[in-house]
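Enquirer: File follows, protein17.cif with mmCIF, C-alpha atoms:
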```
data_query
#
loop_
_atom_site.label_atom_id
_atom_site.label_comp_id
_atom_site.auth_asym_id
_atom_site.auth_seq_id
_atom_site.Cartn_x
_atom_site.Cartn_y
_atom_site.Cartn_z
CA MET B 64 22.76 -18.20 -22.78
CA SER B 65 25.47 -17.41 -20.23
CA ARG B 66 23.60 -14.63 -18.43
CA LYS B 67 20.95 -15.40 -15.82
CA ALA B 68 17.91 -13.31 -14.86
CA PHE B 69 15.82 -13.85 -11.72
CA VAL B 70 12.24 -12.84 -10.88
CA SER B 71 9.97 -13.58 -7.94
CA GLY B 72 6.26 -13.39 -7.26
CA CYS B 73 2.98 -15.20 -6.72
CA PHE B 74 1.94 -15.48 -10.40
CA ASP B 75 -1.52 -16.72 -9.50
CA MET B 76 -4.20 -17.01 -12.22
CA LEU B 77 -1.56 -16.77 -14.96
CA HIS B 78 -2.46 -14.14 -17.57
CA SER B 79 -0.99 -12.19 -20.49
CA GLY B 80 0.51 -9.56 -18.17
CA HIS B 81 2.58 -12.26 -16.47
CA ILE B 82 3.70 -13.67 -19.82
CA GLU B 83 4.77 -10.24 -21.06
CA PHE B 84 6.72 -9.71 -17.83
CA PHE B 85 8.47 -13.08 -18.33
CA ARG B 86 9.18 -12.21 -21.97
CA GLU B 87 10.77 -8.88 -21.14
CA ALA B 88 12.69 -10.26 -18.15
CA SER B 89 14.05 -13.10 -20.29
CA THR B 90 15.80 -10.58 -22.56
CA TYR B 91 18.22 -10.02 -19.64
CA GLY B 92 19.23 -13.69 -19.42
CA ALA B 93 18.03 -17.26 -18.91
CA LEU B 94 15.02 -16.71 -16.68
CA TYR B 95 14.68 -18.25 -13.20
CA VAL B 96 11.27 -17.74 -11.54
CA ALA B 97 10.90 -17.96 -7.76
CA LEU B 98 7.27 -18.59 -6.78
CA GLY B 99 5.92 -17.67 -3.36
CA SER B 100 4.60 -20.67 -1.45
CA ASP B 101 0.92 -20.87 -0.54
CA LYS B 102 1.85 -19.95 3.06
CA THR B 103 3.88 -16.93 1.95
CA VAL B 104 1.03 -15.70 -0.26
CA TYR B 105 -1.39 -16.06 2.64
CA ASP B 106 0.92 -14.19 5.01
CA LEU B 107 1.42 -11.32 2.55
CA LYS B 108 -2.04 -11.10 0.98
CA GLY B 109 -4.31 -12.38 3.74
CA ARG B 110 -5.77 -15.07 1.45
CA LEU B 111 -4.68 -18.28 -0.22
CA PRO B 112 -3.95 -18.13 -3.97
CA VAL B 113 -6.62 -19.43 -6.33
CA ASN B 114 -4.10 -21.91 -7.76
CA SER B 115 -1.92 -23.99 -5.45
CA GLU B 116 1.86 -23.69 -5.48
CA ASP B 117 2.19 -26.93 -7.46
CA GLU B 118 -0.30 -25.73 -10.10
CA ARG B 119 1.42 -22.37 -10.36
CA MET B 120 4.85 -23.95 -10.74
CA PHE B 121 3.55 -26.31 -13.44
CA MET B 122 2.06 -23.44 -15.44
CA VAL B 123 5.01 -21.08 -15.09
CA GLN B 124 7.51 -23.82 -15.94
CA SER B 125 5.51 -24.46 -19.12
CA VAL B 126 6.08 -20.90 -20.38
CA SER B 127 8.73 -20.90 -23.11
CA TYR B 128 10.47 -17.78 -21.77
CA VAL B 129 11.18 -19.51 -18.43
CA GLU B 130 14.36 -21.51 -17.92
CA LYS B 131 13.36 -22.86 -14.50
CA ALA B 132 10.56 -22.28 -11.96
CA PHE B 133 10.62 -23.30 -8.30
CA ILE B 134 8.88 -22.66 -4.98
CA SER B 135 10.84 -20.36 -2.69
CA GLN B 136 11.73 -22.01 0.60
CA GLY B 137 11.79 -18.84 2.68
CA SER B 138 9.00 -16.57 3.90
CA GLY B 139 8.04 -12.92 3.75
CA ILE B 140 8.91 -10.41 1.08
CA LEU B 141 12.44 -11.88 0.67
CA ASP B 142 11.26 -15.50 0.60
CA PHE B 143 13.52 -16.14 -2.41
CA GLU B 144 16.81 -15.07 -0.72
CA GLU B 145 18.23 -18.57 -0.28
CA GLU B 146 17.64 -19.44 -3.95
CA LEU B 147 18.97 -16.08 -5.11
CA ARG B 148 22.23 -16.71 -3.25
CA GLU B 149 22.49 -20.19 -4.77
CA ILE B 150 21.78 -19.16 -8.38
CA VAL B 151 23.70 -15.83 -8.24
CA PRO B 152 21.99 -14.35 -11.33
CA ASP B 153 23.38 -11.42 -13.29
CA CYS B 154 20.23 -9.41 -12.69
CA PHE B 155 17.09 -9.38 -10.55
CA VAL B 156 14.04 -8.06 -12.42
CA VAL B 157 10.95 -6.50 -10.80
CA ASN B 158 8.05 -4.37 -11.98
CA GLU B 159 7.22 -1.02 -10.41
CA ASP B 160 4.84 -2.29 -7.70
CA GLY B 161 7.25 -5.12 -6.86
CA ASN B 162 10.13 -2.70 -6.28
CA THR B 163 11.16 -2.52 -2.60
CA PRO B 164 14.25 -1.21 -0.76
CA GLU B 165 14.85 -4.66 0.78
CA LYS B 166 15.13 -6.26 -2.66
CA ARG B 167 17.40 -3.51 -3.95
CA GLU B 168 19.69 -3.69 -0.90
CA LEU B 169 19.95 -7.47 -1.11
CA CYS B 170 20.98 -7.22 -4.77
CA GLU B 171 23.52 -4.51 -3.97
CA ASP B 172 25.03 -6.71 -1.24
CA LEU B 173 25.31 -9.64 -3.67
CA GLY B 174 26.55 -7.58 -6.63
CA ILE B 175 23.43 -8.36 -8.69
CA GLU B 176 22.07 -5.79 -11.14
CA TYR B 177 18.61 -4.54 -10.11
CA VAL B 178 16.25 -3.92 -13.04
CA ILE B 179 12.83 -2.24 -12.74
CA LEU B 180 10.34 -2.73 -15.59
CA LYS B 181 7.23 -0.71 -16.22
CA ARG B 182 4.01 -2.72 -15.95
CA GLN B 183 2.58 -2.67 -19.46
CA PRO B 184 0.63 -5.10 -21.68
CA HIS B 185 2.01 -6.84 -24.72
CA PRO B 186 1.48 -4.60 -27.79
CA GLY B 187 -2.09 -4.97 -29.04
CA LEU B 188 -3.42 -6.55 -25.83
CA SER B 189 -5.43 -5.01 -22.99
CA PRO B 190 -3.84 -4.59 -19.54
CA ARG B 191 -4.37 -7.57 -17.24
CA SER B 192 -3.86 -8.11 -13.52
CA THR B 193 -4.70 -10.92 -11.11
CA THR B 194 -6.75 -8.46 -9.04
CA ALA B 195 -8.92 -7.60 -12.04
CA LEU B 196 -9.50 -11.30 -12.77
CA ARG B 197 -10.60 -12.16 -9.23
CA GLN B 198 -14.21 -11.95 -8.12
CA GLN B 199 -13.53 -9.09 -5.68
CA PRO B 200 -12.71 -6.22 -8.06
CA LEU B 201 -15.00 -3.53 -6.66
CA MET B 202 -14.12 -3.42 -2.96
CA PRO B 203 -11.89 -0.36 -2.43
CA TYR B 204 -8.86 0.25 -0.28
CA ARG B 205 -8.18 3.49 1.57
CA ILE B 206 -5.19 5.66 2.26
CA ASP B 207 -4.90 8.16 5.11
CA LEU B 208 -3.41 11.40 3.82
CA ALA B 209 -3.00 13.20 7.14
CA GLY B 210 -4.01 13.01 10.79
CA GLY B 211 -3.64 9.29 11.31
CA TRP B 212 -3.87 8.31 15.04
CA LEU B 213 -6.36 11.07 15.86
CA ASP B 214 -9.13 8.48 15.38
CA GLN B 215 -7.84 6.82 18.55
CA PRO B 216 -9.22 8.32 21.80
CA PHE B 217 -5.83 8.02 23.52
CA VAL B 218 -4.58 10.66 21.04
CA SER B 219 -7.57 12.94 20.34
CA LYS B 220 -8.41 13.20 24.05
CA HIS B 221 -5.35 15.43 24.30
CA PHE B 222 -6.45 17.66 21.41
CA PRO B 223 -9.29 17.20 18.89
CA GLY B 224 -8.46 16.85 15.23
CA SER B 225 -9.21 15.27 11.88
CA VAL B 226 -8.09 12.32 9.77
CA ILE B 227 -8.14 12.79 5.99
CA THR B 228 -8.78 9.63 3.97
CA LEU B 229 -8.92 8.89 0.26
CA SER B 230 -10.90 5.90 -1.02
CA LEU B 231 -8.97 3.96 -3.68
CA GLU B 232 -10.03 1.84 -6.62
CA PRO B 233 -8.43 -1.63 -6.33
CA THR B 234 -6.16 -1.11 -9.33
CA LEU B 235 -3.63 -3.37 -7.62
CA GLU B 236 -3.76 -5.70 -4.66
CA PHE B 237 -2.04 -4.00 -1.75
CA ASN B 238 -0.23 -6.24 0.71
CA GLU B 239 -1.59 -7.10 4.12
CA ARG B 240 -0.18 -5.07 7.02
CA SER B 241 0.67 -2.16 4.76
CA GLY B 242 -1.56 0.56 6.16
CA MET B 243 -4.13 0.46 3.36
CA ALA B 244 -7.02 -0.85 5.52
CA SER B 245 -6.62 -4.33 4.06
CA SER B 246 -7.81 -5.98 7.30
CA THR B 247 -11.01 -3.90 7.45
CA ARG B 248 -11.42 -4.49 3.71
CA ARG B 249 -11.47 -8.25 4.35
CA THR B 250 -14.11 -7.64 7.02
CA ALA B 251 -16.15 -5.65 4.47
CA LEU B 252 -15.86 -8.51 1.97
CA ASP B 253 -17.11 -10.92 4.63
CA LEU B 254 -19.98 -8.58 5.50
CA TRP B 255 -21.10 -7.42 2.03
CA GLY B 256 -19.40 -9.54 -0.61
CA PRO B 257 -17.49 -8.03 -3.54
CA LYS B 258 -18.65 -4.43 -3.24
CA ILE B 259 -20.04 -1.83 -0.86
CA PRO B 260 -23.85 -1.73 -1.01
CA PRO B 261 -25.72 1.46 -1.88
CA GLY B 262 -26.99 3.58 0.97
CA ASP B 263 -26.10 6.36 3.37
CA HIS B 264 -22.31 6.49 3.62
CA GLU B 265 -22.10 7.23 7.34
CA LYS B 266 -24.61 4.53 8.30
CA LEU B 267 -22.73 1.96 6.22
CA ALA B 268 -19.39 3.04 7.70
CA ARG B 269 -20.83 2.69 11.22
CA ILE B 270 -22.08 -0.81 10.42
CA LEU B 271 -18.67 -1.82 9.09
CA PHE B 272 -16.88 -0.30 12.11
CA CYS B 273 -19.10 -2.25 14.53
CA TYR B 274 -18.73 -5.47 12.55
CA ASP B 275 -14.95 -4.97 12.50
CA ASN B 276 -14.87 -4.42 16.28
CA PRO B 277 -17.35 -6.81 17.93
CA PRO B 278 -17.91 -6.74 21.72
CA GLY B 279 -14.82 -7.88 23.56
CA THR B 280 -12.34 -6.58 20.96
CA LYS B 281 -9.20 -5.54 22.84
CA VAL B 282 -7.47 -3.48 20.13
CA ILE B 283 -10.06 -1.33 18.36
CA SER B 284 -9.45 -0.69 14.65
CA GLY B 285 -9.68 3.03 14.00
CA SER B 286 -12.93 4.19 12.43
CA GLN B 287 -10.93 6.02 9.74
CA ASP B 288 -10.54 2.60 8.06
CA SER B 289 -14.30 2.09 7.72
CA ILE B 290 -14.89 5.72 6.74
CA GLY B 291 -12.09 5.69 4.17
CA LEU B 292 -13.40 2.51 2.55
CA VAL B 293 -17.07 3.47 2.46
CA PHE B 294 -16.96 7.19 1.66
CA PRO B 295 -15.94 7.68 -2.00
CA GLY B 296 -13.44 10.39 -2.80
CA LEU B 297 -12.02 12.41 0.09
CA ALA B 298 -13.33 12.39 3.67
CA LYS B 299 -12.24 14.42 6.71
CA ALA B 300 -13.43 12.92 9.98
CA TYR B 301 -13.17 15.12 13.07
CA TYR B 302 -12.48 13.38 16.41
CA GLU B 303 -12.98 14.71 19.92
CA GLY B 304 -11.73 11.89 22.13
CA GLU B 305 -14.16 9.21 20.92
CA TYR B 306 -13.84 6.26 18.55
CA TRP B 307 -16.45 7.72 16.18
CA PRO B 308 -16.02 11.25 14.78
CA SER B 309 -18.35 14.08 15.69
CA ARG B 310 -18.35 15.32 12.09
CA ILE B 311 -17.44 14.01 8.64
CA ASP B 312 -16.75 16.37 5.75
CA HIS B 313 -16.73 14.80 2.31
CA THR B 314 -15.97 15.79 -1.28
CA CYS B 315 -16.01 14.05 -4.64
CA ASP B 316 -15.19 17.19 -6.61
CA GLU B 317 -13.67 15.88 -9.84
CA ARG B 318 -10.95 18.52 -10.15
CA THR B 319 -9.89 17.94 -6.55
CA LEU B 320 -9.70 14.16 -7.00
CA HIS B 321 -7.66 14.59 -10.19
CA PHE B 322 -5.35 16.94 -8.30
CA VAL B 323 -4.72 14.37 -5.54
CA GLU B 324 -4.24 11.50 -8.02
CA ASP B 325 -1.74 13.57 -10.00
CA SER B 326 0.19 14.56 -6.85
CA LEU B 327 0.65 11.16 -5.14
CA TYR B 328 3.39 8.59 -5.77
CA LEU B 329 3.85 5.40 -3.71
CA MET B 330 7.16 3.62 -3.15
CA THR B 331 6.80 0.03 -1.93
CA LEU B 332 8.36 -0.93 1.40
CA GLY B 333 6.71 -4.33 1.82
CA PRO B 334 4.41 -5.35 4.69
CA ARG B 335 5.40 -4.56 8.26
CA HIS B 336 6.78 -7.43 10.32
CA ALA B 337 4.50 -9.28 12.73
CA GLU B 338 6.65 -8.29 15.72
CA PHE B 339 6.49 -4.57 14.86
CA ASP B 340 5.24 -2.58 17.87
CA VAL B 341 4.44 1.01 16.98
CA LEU B 342 3.00 1.70 20.45
CA ALA B 343 6.32 1.22 22.23
CA ASP B 344 8.22 4.35 23.31
CA THR B 345 5.35 6.73 22.56
CA THR B 346 5.17 10.30 23.85
CA ILE B 347 1.62 11.60 23.45
CA ASN B 348 0.63 14.96 24.87
CA ARG B 349 -1.46 18.02 24.07
CA GLU B 350 1.32 19.87 22.25
CA ARG B 351 2.07 17.00 19.89
CA ALA B 352 -1.57 16.09 19.25
CA LYS B 353 -2.25 19.76 18.49
CA ALA B 354 0.64 19.87 15.99
CA LEU B 355 -0.85 16.86 14.18
CA ALA B 356 -4.35 18.37 14.18
CA GLU B 357 -3.16 21.73 12.85
CA ALA B 358 -1.02 20.19 10.11
CA THR B 359 -4.00 18.09 9.02
CA GLU B 360 -6.36 21.07 8.80
CA SER B 361 -3.77 22.95 6.72
CA CYS B 362 -3.32 19.89 4.50
CA TRP B 363 -7.10 19.68 3.90
CA GLN B 364 -7.29 23.33 2.90
CA ALA B 365 -4.32 22.94 0.55
CA ILE B 366 -6.07 20.00 -1.14
CA LEU B 367 -9.30 21.99 -1.56
CA ASP B 368 -7.26 24.90 -2.97
CA ARG B 369 -5.39 22.44 -5.23
CA ASP B 370 -2.07 23.95 -4.13
CA VAL B 371 0.54 21.20 -4.51
CA VAL B 372 3.35 23.08 -2.73
CA ARG B 373 1.25 23.66 0.39
CA PHE B 374 -0.16 20.13 0.12
CA GLY B 375 3.36 18.68 0.20
CA CYS B 376 4.48 20.94 3.05
CA HIS B 377 1.57 20.14 5.37
CA PHE B 378 1.58 16.47 4.31
CA ARG B 379 5.16 16.27 5.60
CA GLU B 380 4.30 18.25 8.74
CA SER B 381 1.54 15.76 9.52
CA PHE B 382 4.02 12.89 9.26
CA GLU B 383 6.58 14.68 11.42
CA ALA B 384 3.90 15.25 14.06
CA GLN B 385 3.03 11.54 13.95
CA ILE B 386 6.59 10.32 14.48
CA ALA B 387 7.09 12.84 17.29
CA MET B 388 4.44 10.82 19.16
CA PHE B 389 5.18 7.41 17.63
CA PRO B 390 8.95 7.28 16.92
CA ASN B 391 8.86 3.59 15.93
CA MET B 392 7.07 4.58 12.73
CA MET B 393 10.48 5.65 11.42
CA ASN B 394 13.34 3.25 10.69
CA ASP B 395 16.59 3.18 8.70
CA THR B 396 14.94 1.83 5.53
CA VAL B 397 12.38 4.62 5.49
CA ALA B 398 15.05 7.23 6.22
CA LYS B 399 17.16 6.00 3.29
CA LEU B 400 14.18 6.08 0.95
CA ILE B 401 13.28 9.62 2.04
CA GLU B 402 16.90 10.65 1.45
CA GLN B 403 16.78 9.05 -2.01
CA TYR B 404 13.54 10.71 -3.14
CA GLY B 405 13.34 13.77 -0.88
CA SER B 406 14.89 16.10 -3.45
CA LYS B 407 12.19 15.14 -5.97
CA ALA B 408 9.22 15.39 -3.60
CA LEU B 409 7.42 18.22 -1.84
CA GLY B 410 6.30 16.05 1.06
CA TRP B 411 6.20 12.48 2.32
CA LYS B 412 4.64 10.19 4.90
CA LEU B 413 4.12 6.50 5.55
CA SER B 414 0.93 4.60 4.91
CA GLY B 415 -0.80 3.57 8.12
CA ALA B 416 1.25 2.99 11.28
CA GLY B 417 4.58 2.53 9.53
CA GLY B 418 6.95 -0.39 9.87
CA GLY B 419 6.34 -1.19 6.21
CA GLY B 420 3.71 -0.57 3.58
CA TYR B 421 4.38 2.39 1.34
CA LEU B 422 6.27 5.66 1.46
CA ILE B 423 3.80 8.15 -0.01
CA LEU B 424 5.29 11.12 -1.83
CA VAL B 425 3.65 14.37 -2.91
CA SER B 426 5.31 15.74 -6.02
CA ASP B 427 4.64 18.10 -8.91
CA GLN B 428 6.94 16.06 -11.17
CA PRO B 429 6.90 12.39 -12.20
CA ILE B 430 8.77 10.03 -9.87
CA GLU B 431 10.29 7.04 -11.61
CA ASN B 432 9.31 3.53 -10.50
CA ALA B 433 6.50 4.76 -8.27
CA VAL B 434 3.08 3.15 -7.91
CA ARG B 435 0.14 5.37 -8.93
CA ILE B 436 -3.35 5.31 -7.42
CA ALA B 437 -6.90 5.99 -8.65
CA ALA B 438 -9.47 7.67 -6.39
CA ARG B 439 -12.86 6.00 -6.11
CA ARG B 440 -15.68 8.16 -7.43
CA GLU B 441 -19.31 8.34 -6.35
CA GLN B 442 -21.27 5.50 -7.95
CA ASP B 443 -24.43 6.22 -9.97
#
```
Let me see the file written as structure tokens.
Expert:
Amino acid sequence: MSRKAFVSGCFDMLHSGHIEFFREASTYGALYVALGSDKTVYDLKGRLPVNSEDERMFMVQSVSYVEKAFISQGSGILDFEEELREIVPDCFVVNEDGNTPEKRELCEDLGIEYVILKRQPHPGLSPRSTTALRQQPLMPYRIDLAGGWLDQPFVSKHFPGSVITLSLEPTLEFNERSGMASSTRRTALDLWGPKIPPGDHEKLARILFCYDNPPGTKVISGSQDSIGLVFPGLAKAYYEGEYWPSRIDHTCDERTLHFVEDSLYLMTLGPRHAEFDVLADTTINRERAKALAEATESCWQAILDRDVVRFGCHFRESFEAQIAMFPNMMNDTVAKLIEQYGSKALGWKLSGAGGGGYLILVSDQPIENAVRIAARREQD
């Protein structure tokens, strides 16, 4: 076969979903598979793979659809760049949650076709993912929908306001340093094991917050992380210049959760770089903190009213208020992605503190190649 196809990934705990991805990718050419090294997996996921890089390469190379497998020599989300430039394939194939602007731009620079496949099982088989096969399937992630930074006293001391969080089922394994509370999630796994124990939500969230920030901690993780992980569904925590909120509103209304799930689309940016400093060049004052607080309250009411147009508008206003205080949240990659999808979306913001992670879009129409999320419901 004269054509070459190229894919990259961890491919830990090889399963039928991986094989189906290889099968479909191999229809575009002789398939070259770049495997992330153990160090790269640790840097991106915050844990070592179950199977070592040598084991993973042996298994992937044994798959009949694969022409050649190898360990990427680089690091980070473009760890395969050196090998890609050497092989110069006709196309680079990713699935939807592996689609990032950096990969697309690299392919455009090299004249390589960029192909995005939908993640789907082989006909007749059940969906499979590495996350589902691991022994940590029940610990949620969280996403902040509006008001991020108001859980820090250096912001809410200027003007009180809320942070809206949504607890997420771990339907995929979000990268480290992507604004999905993955660091606090690892703390929760260390504290409780594979799932959050039953009990009073606020008490459990307080315990996790304290465990995540022991005495002597210099940079305090915002309590929205603990609240967003522990409280199922939607939570709105109101801050008045302290690390812990003075009030937490909470809803698991099924129609409201369906509304949010149906409205959100995530575009992958990859994890933020270690040298990223969001606190440089900040301008925090009463006017800007007030703008963030007011946009967040309007966003919460739009969610409760299940009004997607207002949701998108105030969602975007919340983000604009954030970057007015923290301009480093925005960069050229994010701006290009907003320009690409802005006409299809009603609103947008970044997950967490920016610098990577996910561009979150609110839309009343399907957005191609986006990652979807599932809200965590109250457990019986």
Enquirer: Mind giving me the straight-line distance from atom CA of B:Asp214 to atom CA of B:Asp312 in Å, one decimal?
Expert: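 About the pair atom CA of B:Asp214 and atom CA of B:Asp312: they are 14.6 Å apart.
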Enquirer: Considering all atoms listed in the file, give me a table of residues in stretch 216-255 of chain B that are at most 12 Å from stretch 170-192 of chain B, with the closest atom pair and distance in Å for each, as a Markdown table.
Expert:
```
| residue | atom | partner | partner_atom | distance |
| --- | --- | --- | --- | --- |
| B:Pro233 | CA | B:Ser192 | CA | 10.7 |
| B:Thr234 | CA | B:Ser192 | CA | 8.5 |
| B:Leu235 | CA | B:Ser192 | CA | 7.6 |
| B:Glu236 | CA | B:Ser192 | CA | 9.2 |
```
Enquirer: Can you translate the PyMOL selection byres ((chain B and resi 213) around 10) into the concrete residues it hits in this file, as an MDAnalysis selection string?
Expert: chainID B and resid 209:212 214:226 285 287 300:306 308 352:353 355:356 385
Enquirer: Could those selected residues go to a file with C-alpha atoms, as a short mmCIF file (atom, residue, chain, number, x, y, z; two decimals), keeping the file's coordinate frame?
Expert:
```
data_model
loop_
_atom_site.label_atom_id
_atom_site.label_comp_id
_atom_site.auth_asym_id
_atom_site.auth_seq_id
_atom_site.Cartn_x
_atom_site.Cartn_y
_atom_site.Cartn_z
CA ALA B 209 -3.00 13.20 7.14
CA GLY B 210 -4.01 13.01 10.79
CA GLY B 211 -3.64 9.29 11.31
CA TRP B 212 -3.87 8.31 15.04
CA ASP B 214 -9.13 8.48 15.38
CA GLN B 215 -7.84 6.82 18.55
CA PRO B 216 -9.22 8.32 21.80
CA PHE B 217 -5.83 8.02 23.52
CA VAL B 218 -4.58 10.66 21.04
CA SER B 219 -7.57 12.94 20.34
CA LYS B 220 -8.41 13.20 24.05
CA HIS B 221 -5.35 15.43 24.30
CA PHE B 222 -6.45 17.66 21.41
CA PRO B 223 -9.29 17.20 18.89
CA GLY B 224 -8.46 16.85 15.23
CA SER B 225 -9.21 15.27 11.88
CA VAL B 226 -8.09 12.32 9.77
CA GLY B 285 -9.68 3.03 14.00
CA GLN B 287 -10.93 6.02 9.74
CA ALA B 300 -13.43 12.92 9.98
CA TYR B 301 -13.17 15.12 13.07
CA TYR B 302 -12.48 13.38 16.41
CA GLU B 303 -12.98 14.71 19.92
CA GLY B 304 -11.73 11.89 22.13
CA GLU B 305 -14.16 9.21 20.92
CA TYR B 306 -13.84 6.26 18.55
CA PRO B 308 -16.02 11.25 14.78
CA ALA B 352 -1.57 16.09 19.25
CA LYS B 353 -2.25 19.76 18.49
CA LEU B 355 -0.85 16.86 14.18
CA ALA B 356 -4.35 18.37 14.18
CA GLN B 385 3.03 11.54 13.95
#
```
Enquirer: Using the chain letters and numbering of this document, enumerate as JSON, numbers by chain the residues selected by the PyMOL selection byres ((chain B and resi 121) around 12).
Expert: {"B": [74, 75, 77, 96, 98, 114, 115, 116, 117, 118, 119, 120, 122, 123, 124, 125, 126, 129, 131, 132, 133, 134]}
Enquirer: For the point (-16.1, 2.5, 13.8) in the file's frame, write as an MDAnalysis selection string all residues with an atom no more than 9 Å away, counting only C-alpha atoms.
Expert: chainID B and resid 268:276 283:290 306:308
Enquirer: Give the answer as one residue: which of B:Ala88, B:Val293, B:Val282, B:Ile140 has the shortest atom-to-atom distance to B:Trp255, using all atoms listed in the file?
Expert: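 Under the stated criterion, the closest residue is B:Val293.
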Enquirer: Please evaluate the PyMOL selection byres ((chain B and resi 159) around 6) against the structure above and give the resulting residues as a PyMOL selection string.
Expert: chain B and resi 158+160-162+181+432
Enquirer: Measuring between only C-alpha atoms, which one of B:Tyr204, B:Tyr421, B:Phe339, B:Trp411 shows the shortest distance to B:Glu383?
Expert: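 Selected residue with least distance to B:Glu383: B:Trp411.
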Enquirer: Using only C-alpha atoms, find the one residue out of B:Gly291, B:Gly296, B:Gly418, B:Gly139 that sits nearest to B:Tyr105.
Expert: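 Of the candidates, the smallest distance to B:Tyr105 is held by B:Gly139.
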Enquirer: Which of these residues is nearest to B:Thr250, using only C-alpha atoms: B:Ala358, B:Met202, B:Leu94, B:Leu297?
Expert: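 Closest to B:Thr250 of all the choices is B:Met202.
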Enquirer: From the set B:Leu208, B:Val397, B:Ala68, B:Ala437, which residue has the shortest atom-to-atom contact distance to B:Val151, counting all atoms listed in the file?
Expert: B:Ala68
Enquirer: As an exercise, work out the distance from atom CA of B:Leu327 to atom CA of B:Val434 in Å and give it to one decimal place.
Expert: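 Going from atom CA of B:Leu327 over to atom CA of B:Val434, I get 8.8 Å.
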